[in-house]
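Below is one structure, written out as structure tokens; comments come after it.
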Amino acid sequence: FSARATQQNWGNLVARQQRYYRISLMEYKLFQTSFENEGINLKTLLAWAAPSATVVLALLVAMLVWSLRNANSQHQAEEALRKNLEATIDAITATLESRDPYTAGHQRRVAHLAAAIASEMCLPQERINGLRFGALIHDIGKIRVPDELLCKPTRLTQAEFNLMKTHPDVGYDIVKGIAFPWPVATMIHQHHERMDGSGYPHGLKGTEILLEARILAVADTVEAMASHRPYRPGLGIEAALAEIEGGAGKLFDSEVVQICLRLFRQQGYQFSQA
């Protein structure tokens with residue numbers, strides 16, 4: 001691409017993204033290839049593309065992938081990952097939550113609780129780190145959901161809910177090509193699966209569901225129920241804990257539930273810590 005042609009391509013893409021709120025693989029590759037071939041300064045482009053949350057998201061992901069692919073050694077790749085990953089994910093999280101003020105902070109609180117549960121389960125620290133990063137972008141697929149649904153003040157219709165239920169698949173498609181050192185794409189894909197197979201998108205059961213996704217499912221449910229939503233006030237932490245307690249073994253991993261209950265009821269965990 002020439003610099004002018006590249007800018008025209010991006011301009012056209014902004015218009016499309018603003019209408020449809022989606023990132024296709026072809027569009028993602030446009031960002032990545034243009035950056036690699038032209039050496040374009042993505043920090044400058046982030047400001048230029050700011051009106052479109054989806055374009056900002058794609059640029060950030062492309063920047064992360066480019067930094068990893070252009071490392072000259074495994075050590076440099078690891079250093080690049082450590083330096084860029086958290087900042088990139090924080091920016092992605094802020095971009096997503098800026099579209100939905102009612103759930104601002106949701107992913108951060110879920111990540112904090114999920115990491116606390118994993119720590120109580122004595123998972124290795126590196127695995128806990130991966131879970132935390134996955135939790136920070138577990139709703140990344142909602143980038144395809146129109147703003148009016150995210151902020152709708154009444155309950156969703158069945159058709160609207162079916163659209164909302166596509167976000168694990170969309171999130172998986174967005175991140176599956178990124179060389180994370182953890183199964184982040186699988187966590188995102190499976191965080192709405194349930195132990196009895198009643199979840200979505202694929203109706204997985206029991207240990208077919210990644211442990212990190214089972215932890216994420218509990219943390220996500222507790223935070224979502226306890227917090228305010230556009231269509232209802234927060235139900236409170238006790239109602240949220242009662243929900244996962246009642247679903248232990250059927251909907252949620254029993255061990256994960258018991259640890260989550262212990263954190264809140266015996267160890268005084270609070271979301272204000274996040």
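The chains in the structure tokens are called A, B, ... from first to last as shown; in each chain the residues are counted from 1, and the ligands are counted from 1 in the order shown.
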
### Query
Quick one: residues within 9 Å of Thr221 (chain A), only C-alpha atoms counted, chain neighbours fewer than 6 positions away excluded, as number ranges by chain?
A: 110, 240, 243-244

Using 8 Å as the limit and counting only C-alpha atoms, can you tabulate each residue of region 202-242 of chain A that touches region 147-156 of chain A, with its shortest atom-to-atom distance in Å and the two atoms involved, as JSON lines?
{"residue": "A:Pro230", "atom": "CA", "partner": "A:Pro153", "partner_atom": "CA", "distance": 4.7}
{"residue": "A:Tyr231", "atom": "CA", "partner": "A:Pro153", "partner_atom": "CA", "distance": 4.4}
{"residue": "A:Arg232", "atom": "CA", "partner": "A:Pro153", "partner_atom": "CA", "distance": 7.9}

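Note that the spacing between CA of Gly134 (chain A) and CA of Gly246 (chain A) amounts to 26.0 Å.
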
#### Entry: Selection: 6 Å around region 195-211 of chain A, only C-alpha atoms, excl. self and same-chain fewer than 2 positions, as number ranges by chain
A: 192-193, 213-214, 250-252

### Message
I want to know what sits within 10 Å of Ser254 (chain A), based on only C-alpha atoms, with residues of the same chain fewer than 5 positions away left out; could you give that as a PyMOL selection string?
### Response
chain A and resi 195+214+218+244-245+247-249+259-260

### Query
Nearest to Gly171 (chain A): which of A:Gln267, A:Ser272, A:Thr186, A:Gln125 is it, counting only C-alpha atoms?
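Ranked by minimum distance to Gly171 (chain A), first place goes to A:Thr186.
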
### Task
Would you work out the distance separating CA of Leu96 (chain A) from CA of Ile215 (chain A), expressed in Å to one decimal?
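Those two atoms sit 21.9 Å apart.
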
### Query
region 134-246 of chain A: which residues are alpha helix (DSSP H) by DSSP, as a ChimeraX atom specification?
/A:134-136,147-150,158-164,167-175,184-190,211-226,237-246

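The two atoms in question, CA of Glu238 (chain A) and CA of Ile137 (chain A), are spaced 25.9 Å apart.
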